[in-house]
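Shown here: model_2.txt, compact mmCIF, N, CA and C atoms.
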# COMPACT_ATOMS: atom_id res chain seq x y z
N MET M 1 -18.17 -9.03 -53.62
CA MET M 1 -19.03 -9.84 -52.79
C MET M 1 -19.39 -9.04 -51.54
N TRP M 2 -20.67 -9.08 -51.17
CA TRP M 2 -21.15 -8.42 -49.96
C TRP M 2 -21.46 -9.47 -48.91
N VAL M 3 -21.09 -9.20 -47.70
CA VAL M 3 -21.44 -10.07 -46.58
C VAL M 3 -22.05 -9.20 -45.50
N TYR M 4 -23.27 -9.50 -45.13
CA TYR M 4 -23.96 -8.73 -44.09
C TYR M 4 -24.80 -9.70 -43.27
N MET M 5 -24.57 -9.74 -41.99
CA MET M 5 -25.31 -10.65 -41.11
C MET M 5 -26.12 -9.82 -40.12
N SER M 6 -27.33 -9.47 -40.51
CA SER M 6 -28.16 -8.60 -39.69
C SER M 6 -28.52 -9.22 -38.34
N PHE M 7 -28.45 -10.54 -38.23
CA PHE M 7 -28.81 -11.22 -36.99
C PHE M 7 -27.71 -11.13 -35.93
N MET M 8 -26.48 -10.71 -36.34
CA MET M 8 -25.37 -10.62 -35.39
C MET M 8 -25.57 -9.42 -34.48
N GLN M 9 -25.48 -9.64 -33.21
CA GLN M 9 -25.53 -8.57 -32.22
C GLN M 9 -24.10 -8.19 -31.84
N ARG M 10 -23.91 -6.99 -31.35
CA ARG M 10 -22.58 -6.53 -30.94
C ARG M 10 -21.93 -7.49 -29.94
N VAL M 11 -22.71 -7.99 -29.00
CA VAL M 11 -22.17 -8.89 -27.99
C VAL M 11 -21.60 -10.16 -28.63
N HIS M 12 -22.20 -10.63 -29.72
CA HIS M 12 -21.68 -11.80 -30.43
C HIS M 12 -20.33 -11.50 -31.09
N ARG M 13 -20.23 -10.35 -31.71
CA ARG M 13 -18.98 -9.97 -32.37
C ARG M 13 -17.86 -9.81 -31.35
N GLU M 14 -18.17 -9.23 -30.20
CA GLU M 14 -17.14 -8.97 -29.20
C GLU M 14 -16.59 -10.25 -28.58
N GLN M 15 -17.32 -11.34 -28.65
CA GLN M 15 -16.82 -12.61 -28.14
C GLN M 15 -15.59 -13.06 -28.92
N TRP M 16 -15.51 -12.69 -30.20
CA TRP M 16 -14.39 -13.11 -31.05
C TRP M 16 -13.33 -12.01 -31.20
N PHE M 17 -13.53 -10.89 -30.50
CA PHE M 17 -12.61 -9.76 -30.65
C PHE M 17 -11.24 -10.07 -30.05
N ILE M 18 -10.22 -9.75 -30.81
CA ILE M 18 -8.84 -9.85 -30.34
C ILE M 18 -8.26 -8.44 -30.46
N GLU M 19 -7.61 -7.96 -29.43
CA GLU M 19 -7.03 -6.61 -29.44
C GLU M 19 -6.04 -6.47 -30.59
N HIS M 20 -6.20 -5.41 -31.36
CA HIS M 20 -5.27 -5.12 -32.47
C HIS M 20 -3.99 -4.53 -31.88
N PRO M 21 -2.84 -4.86 -32.48
CA PRO M 21 -1.56 -4.38 -31.94
C PRO M 21 -1.46 -2.86 -31.79
N ILE M 22 -2.15 -2.08 -32.65
CA ILE M 22 -2.06 -0.62 -32.51
C ILE M 22 -3.23 -0.04 -31.72
N GLY M 23 -4.09 -0.91 -31.18
CA GLY M 23 -5.14 -0.45 -30.29
C GLY M 23 -6.46 -0.07 -30.91
N ILE M 24 -6.64 -0.22 -32.22
CA ILE M 24 -7.94 0.11 -32.81
C ILE M 24 -8.95 -0.92 -32.38
N ARG M 25 -10.20 -0.48 -32.19
CA ARG M 25 -11.22 -1.38 -31.65
C ARG M 25 -12.31 -1.71 -32.66
N GLU M 26 -12.78 -0.72 -33.43
CA GLU M 26 -13.88 -1.03 -34.32
C GLU M 26 -13.89 -0.14 -35.56
N ILE M 27 -14.44 -0.68 -36.63
CA ILE M 27 -14.65 0.09 -37.85
C ILE M 27 -15.91 0.92 -37.63
N THR M 28 -15.78 2.23 -37.78
CA THR M 28 -16.92 3.12 -37.55
C THR M 28 -17.41 3.81 -38.82
N GLY M 29 -16.72 3.62 -39.92
CA GLY M 29 -17.17 4.20 -41.18
C GLY M 29 -16.51 3.56 -42.38
N LEU M 30 -17.29 3.43 -43.45
CA LEU M 30 -16.78 2.93 -44.73
C LEU M 30 -17.30 3.85 -45.82
N THR M 31 -16.40 4.40 -46.62
CA THR M 31 -16.79 5.26 -47.74
C THR M 31 -16.13 4.74 -49.00
N LEU M 32 -16.94 4.46 -50.01
CA LEU M 32 -16.44 3.96 -51.28
C LEU M 32 -16.53 5.06 -52.32
N THR M 33 -15.39 5.41 -52.90
CA THR M 33 -15.36 6.34 -54.02
C THR M 33 -15.35 5.49 -55.28
N THR M 34 -16.29 5.75 -56.17
CA THR M 34 -16.43 4.94 -57.38
C THR M 34 -16.99 5.77 -58.53
N SER M 35 -16.62 5.39 -59.73
CA SER M 35 -17.15 6.07 -60.91
C SER M 35 -18.44 5.43 -61.38
N VAL M 36 -18.78 4.28 -60.80
CA VAL M 36 -19.97 3.52 -61.20
C VAL M 36 -20.97 3.49 -60.04
N PRO M 37 -22.19 3.93 -60.26
CA PRO M 37 -23.19 3.88 -59.18
C PRO M 37 -23.46 2.44 -58.74
N LEU M 38 -23.70 2.25 -57.44
CA LEU M 38 -24.03 0.93 -56.91
C LEU M 38 -25.54 0.72 -57.10
N ARG M 39 -25.90 -0.22 -57.93
CA ARG M 39 -27.31 -0.38 -58.31
C ARG M 39 -27.95 -1.68 -57.85
N SER M 40 -27.18 -2.66 -57.42
CA SER M 40 -27.77 -3.95 -57.05
C SER M 40 -28.65 -3.78 -55.82
N PRO M 41 -29.65 -4.65 -55.67
CA PRO M 41 -30.51 -4.59 -54.48
C PRO M 41 -29.72 -4.72 -53.18
N VAL M 42 -28.70 -5.56 -53.17
CA VAL M 42 -27.88 -5.73 -51.96
C VAL M 42 -27.11 -4.45 -51.66
N ALA M 43 -26.52 -3.85 -52.69
CA ALA M 43 -25.79 -2.59 -52.49
C ALA M 43 -26.73 -1.51 -51.99
N GLN M 44 -27.92 -1.44 -52.53
CA GLN M 44 -28.89 -0.44 -52.08
C GLN M 44 -29.26 -0.65 -50.61
N ARG M 45 -29.41 -1.89 -50.22
CA ARG M 45 -29.74 -2.21 -48.81
C ARG M 45 -28.62 -1.76 -47.87
N ILE M 46 -27.37 -1.99 -48.28
CA ILE M 46 -26.22 -1.59 -47.46
C ILE M 46 -26.13 -0.07 -47.36
N LEU M 47 -26.41 0.63 -48.45
CA LEU M 47 -26.41 2.09 -48.42
C LEU M 47 -27.55 2.61 -47.53
N GLU M 48 -28.73 2.02 -47.65
CA GLU M 48 -29.88 2.43 -46.84
C GLU M 48 -29.63 2.17 -45.35
N SER M 49 -28.90 1.10 -45.04
CA SER M 49 -28.59 0.75 -43.66
C SER M 49 -27.45 1.59 -43.09
N GLU M 50 -26.87 2.45 -43.92
CA GLU M 50 -25.76 3.33 -43.55
C GLU M 50 -24.52 2.56 -43.10
N ILE M 51 -24.36 1.36 -43.63
CA ILE M 51 -23.14 0.59 -43.39
C ILE M 51 -22.02 1.15 -44.25
N LEU M 52 -22.38 1.62 -45.43
CA LEU M 52 -21.43 2.14 -46.41
C LEU M 52 -21.99 3.42 -46.99
N SER M 53 -21.12 4.39 -47.20
CA SER M 53 -21.53 5.58 -47.94
C SER M 53 -20.68 5.64 -49.20
N THR M 54 -21.16 6.36 -50.18
CA THR M 54 -20.43 6.45 -51.45
C THR M 54 -20.25 7.89 -51.87
N ARG M 55 -19.28 8.08 -52.74
CA ARG M 55 -19.10 9.38 -53.39
C ARG M 55 -18.59 9.12 -54.79
N ALA M 56 -18.89 10.01 -55.70
CA ALA M 56 -18.46 9.87 -57.09
C ALA M 56 -17.01 10.29 -57.22
N GLY M 57 -16.27 9.55 -58.03
CA GLY M 57 -14.87 9.87 -58.28
C GLY M 57 -14.35 9.06 -59.45
N ALA M 58 -13.29 9.53 -60.06
CA ALA M 58 -12.73 8.87 -61.23
C ALA M 58 -11.97 7.60 -60.86
N THR M 59 -11.41 7.55 -59.66
CA THR M 59 -10.60 6.41 -59.23
C THR M 59 -11.26 5.73 -58.03
N SER M 60 -11.33 4.41 -58.07
CA SER M 60 -11.92 3.67 -56.96
C SER M 60 -11.05 3.79 -55.71
N LEU M 61 -11.69 3.97 -54.57
CA LEU M 61 -10.98 4.11 -53.31
C LEU M 61 -11.92 3.70 -52.18
N LEU M 62 -11.41 2.96 -51.21
CA LEU M 62 -12.18 2.61 -50.03
C LEU M 62 -11.54 3.29 -48.83
N GLU M 63 -12.32 4.12 -48.13
CA GLU M 63 -11.86 4.77 -46.91
C GLU M 63 -12.46 4.02 -45.72
N ILE M 64 -11.60 3.63 -44.79
CA ILE M 64 -12.03 2.89 -43.61
C ILE M 64 -11.72 3.74 -42.38
N GLU M 65 -12.75 4.03 -41.61
CA GLU M 65 -12.59 4.84 -40.40
C GLU M 65 -12.65 3.92 -39.18
N PHE M 66 -11.74 4.13 -38.24
CA PHE M 66 -11.70 3.35 -37.01
C PHE M 66 -11.98 4.24 -35.81
N ASP M 67 -12.75 3.74 -34.88
CA ASP M 67 -12.97 4.38 -33.58
C ASP M 67 -13.39 5.84 -33.68
N GLY M 68 -14.25 6.14 -34.63
CA GLY M 68 -14.79 7.49 -34.76
C GLY M 68 -13.78 8.54 -35.16
N ASN M 69 -12.60 8.12 -35.61
CA ASN M 69 -11.54 9.04 -36.05
C ASN M 69 -11.19 10.05 -34.98
N ARG M 70 -11.15 9.61 -33.72
CA ARG M 70 -10.89 10.52 -32.61
C ARG M 70 -9.51 11.17 -32.66
N ARG M 71 -8.50 10.44 -33.14
CA ARG M 71 -7.15 11.03 -33.18
C ARG M 71 -6.87 11.81 -34.45
N LYS M 72 -7.78 11.77 -35.39
CA LYS M 72 -7.64 12.52 -36.65
C LYS M 72 -6.37 12.13 -37.41
N GLU M 73 -6.00 10.86 -37.35
CA GLU M 73 -4.85 10.36 -38.09
C GLU M 73 -5.31 9.76 -39.41
N HIS M 74 -4.48 9.90 -40.44
CA HIS M 74 -4.79 9.36 -41.76
C HIS M 74 -3.60 8.57 -42.26
N MET M 75 -3.88 7.41 -42.85
CA MET M 75 -2.85 6.58 -43.46
C MET M 75 -3.29 6.25 -44.87
N ASP M 76 -2.50 6.62 -45.83
CA ASP M 76 -2.83 6.40 -47.23
C ASP M 76 -1.90 5.33 -47.79
N PHE M 77 -2.48 4.21 -48.22
CA PHE M 77 -1.69 3.09 -48.70
C PHE M 77 -1.66 3.00 -50.23
N ARG M 78 -2.10 4.04 -50.91
CA ARG M 78 -2.03 4.03 -52.37
C ARG M 78 -0.59 4.21 -52.81
N PRO M 79 -0.14 3.69 -53.92
CA PRO M 79 -0.88 2.90 -54.91
C PRO M 79 -0.91 1.42 -54.59
N THR M 80 -0.20 0.96 -53.56
CA THR M 80 -0.16 -0.46 -53.24
C THR M 80 -1.54 -1.00 -52.91
N CYS M 81 -2.30 -0.27 -52.12
CA CYS M 81 -3.63 -0.69 -51.70
C CYS M 81 -4.53 0.52 -51.89
N ARG M 82 -5.62 0.36 -52.59
CA ARG M 82 -6.51 1.49 -52.84
C ARG M 82 -7.45 1.70 -51.66
N SER M 83 -6.86 1.95 -50.51
CA SER M 83 -7.62 2.20 -49.28
C SER M 83 -7.00 3.37 -48.54
N PHE M 84 -7.81 4.06 -47.78
CA PHE M 84 -7.39 5.20 -47.00
C PHE M 84 -7.96 5.01 -45.61
N PHE M 85 -7.12 5.02 -44.58
CA PHE M 85 -7.55 4.72 -43.23
C PHE M 85 -7.53 5.97 -42.36
N THR M 86 -8.56 6.15 -41.57
CA THR M 86 -8.56 7.17 -40.53
C THR M 86 -8.82 6.45 -39.22
N CYS M 87 -8.03 6.77 -38.20
CA CYS M 87 -8.19 5.96 -37.00
C CYS M 87 -7.82 6.70 -35.72
N ASP M 88 -8.22 6.04 -34.64
CA ASP M 88 -7.81 6.41 -33.30
C ASP M 88 -6.99 5.23 -32.80
N GLY M 89 -5.68 5.33 -32.83
CA GLY M 89 -4.83 4.23 -32.42
C GLY M 89 -5.08 3.78 -31.00
N GLY M 90 -5.43 4.69 -30.11
CA GLY M 90 -5.81 4.36 -28.76
C GLY M 90 -4.76 3.62 -27.97
N GLY M 91 -3.58 3.48 -28.47
CA GLY M 91 -2.55 2.73 -27.77
C GLY M 91 -1.23 2.87 -28.48
N LYS M 92 -0.50 1.81 -28.55
CA LYS M 92 0.82 1.83 -29.18
C LYS M 92 0.70 1.95 -30.68
N ALA M 93 1.55 2.74 -31.29
CA ALA M 93 1.53 2.88 -32.75
C ALA M 93 2.56 1.99 -33.37
Please lay out the structure from this file as structure tokens.
Amino acid sequence: MWVYMSFMQRVHREQWFIEHPIGIREITGLTLTTSVPLRSPVAQRILESEILSTRAGATSLLEIEFDGNRRKEHMDFRPTCRSFFTCDGGGKA
């Protein structure tokens, strides 16, 4: 399922922001590794809007980047969670 609200402005999102315990502030990148090309019109729109980037791979994986990856830290939660995080903790770890 895709959820995209183009009408939301940054100021609206920040009204609901709660500080994360490790200090991350925002998602700055999403990369999906997949063996199947994303072909739906909605998926194409998200790729064109540069909300998500993709790469070809045999195993599905979602990489989530936080705060521009300033600290160059990586957390790999596989095999429990097929996600890979890069972040700038910006505070307490």
Sorted by chain and rising residue number, which residues of stretch 54-77 of chain M lie within 6 Å of stretch 25-40 of chain M, and what are their closest atom pairs and distances in Å to one decimal, counting all atoms listed in the file, as JSON lines?
{"residue": "M:Thr54", "atom": "CA", "partner": "M:Leu32", "partner_atom": "C", "distance": 4.2}
{"residue": "M:Arg55", "atom": "N", "partner": "M:Leu32", "partner_atom": "C", "distance": 4.1}
{"residue": "M:Ala56", "atom": "CA", "partner": "M:Thr34", "partner_atom": "C", "distance": 4.6}
{"residue": "M:Gly57", "atom": "N", "partner": "M:Thr34", "partner_atom": "C", "distance": 3.9}
{"residue": "M:Ala58", "atom": "CA", "partner": "M:Ser35", "partner_atom": "CA", "distance": 5.2}
{"residue": "M:Thr59", "atom": "C", "partner": "M:Thr33", "partner_atom": "C", "distance": 4.9}
{"residue": "M:Ser60", "atom": "CA", "partner": "M:Thr33", "partner_atom": "C", "distance": 4.2}
{"residue": "M:Leu61", "atom": "C", "partner": "M:Thr33", "partner_atom": "N", "distance": 3.9}
{"residue": "M:Leu62", "atom": "CA", "partner": "M:Thr31", "partner_atom": "C", "distance": 4.6}
{"residue": "M:Glu63", "atom": "N", "partner": "M:Thr31", "partner_atom": "C", "distance": 4.0}
{"residue": "M:Ile64", "atom": "CA", "partner": "M:Gly29", "partner_atom": "C", "distance": 4.7}
{"residue": "M:Glu65", "atom": "C", "partner": "M:Thr28", "partner_atom": "N", "distance": 3.8}
{"residue": "M:Phe66", "atom": "CA", "partner": "M:Thr28", "partner_atom": "N", "distance": 4.3}
{"residue": "M:Asp67", "atom": "N", "partner": "M:Glu26", "partner_atom": "C", "distance": 4.1}
{"residue": "M:Gly68", "atom": "N", "partner": "M:Thr28", "partner_atom": "CA", "distance": 5.0}
According to DSSP computed on the backbone, where in chain M is there strand (DSSP E or B)? Give the residues as a list in words.
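Filtering chain M down to strand (DSSP E or B) leaves Ile27, Thr28, Gly29, Leu30, Thr31, Leu32, Thr33, Thr34, Ser53, Thr54, Arg55, Ala56, Leu61, Leu62, Glu63, Ile64, Glu65, Phe66, Glu73, His74, Met75, Asp76, Ser83, Phe84, Phe85, Thr86 and Cys87 of chain M.
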Rounded to one decimal place, report the atom CA of M:Val42-atom CA of M:Ser6 distance in Å.
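We find that atom CA of M:Val42 and atom CA of M:Ser6 lie 12.6 Å from each other.
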Determine the axis-aligned bounding box of all atoms of stretch 12-16 of chain M present in the file, pad each side by 4 Å, and express its centre and edge lengths in Å to one decimal place as JSON.
{"center_x": -17.8, "center_y": -11.0, "center_z": -30.3, "size_x": 16.9, "size_y": 12.1, "size_z": 12.2}
DSSP helix (DSSP H, G or I) selection over chain M, as an MDAnalysis selection string:
chainID M and resid 10:15 41:48 67:69
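Every protein or nucleic acid residue with an atom no more than 12 Å from M:Ala43, counting only C-alpha atoms and leaving out same-chain residues fewer than 2 positions away, appears here: M:Met1, M:Trp2, M:Val3, M:Tyr4, M:Leu32, M:Pro37, M:Leu38, M:Arg39, M:Ser40, M:Pro41, M:Arg45, M:Ile46, M:Leu47, M:Glu48, M:Ser49, M:Glu50, M:Ile51, M:Leu52, M:Ser53, M:Thr54.
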Shortest contact to M:Asn69, candidates M:Ile24, M:Gln44, M:Glu19, M:Glu14, atoms counted only C-alpha atoms, goes to M:Ile24
Any idea what the distance is between atom N of M:Arg71 and atom N of M:Arg13?
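Computing the Euclidean distance for atom N of M:Arg71 and atom N of M:Arg13 yields 23.9 Å.
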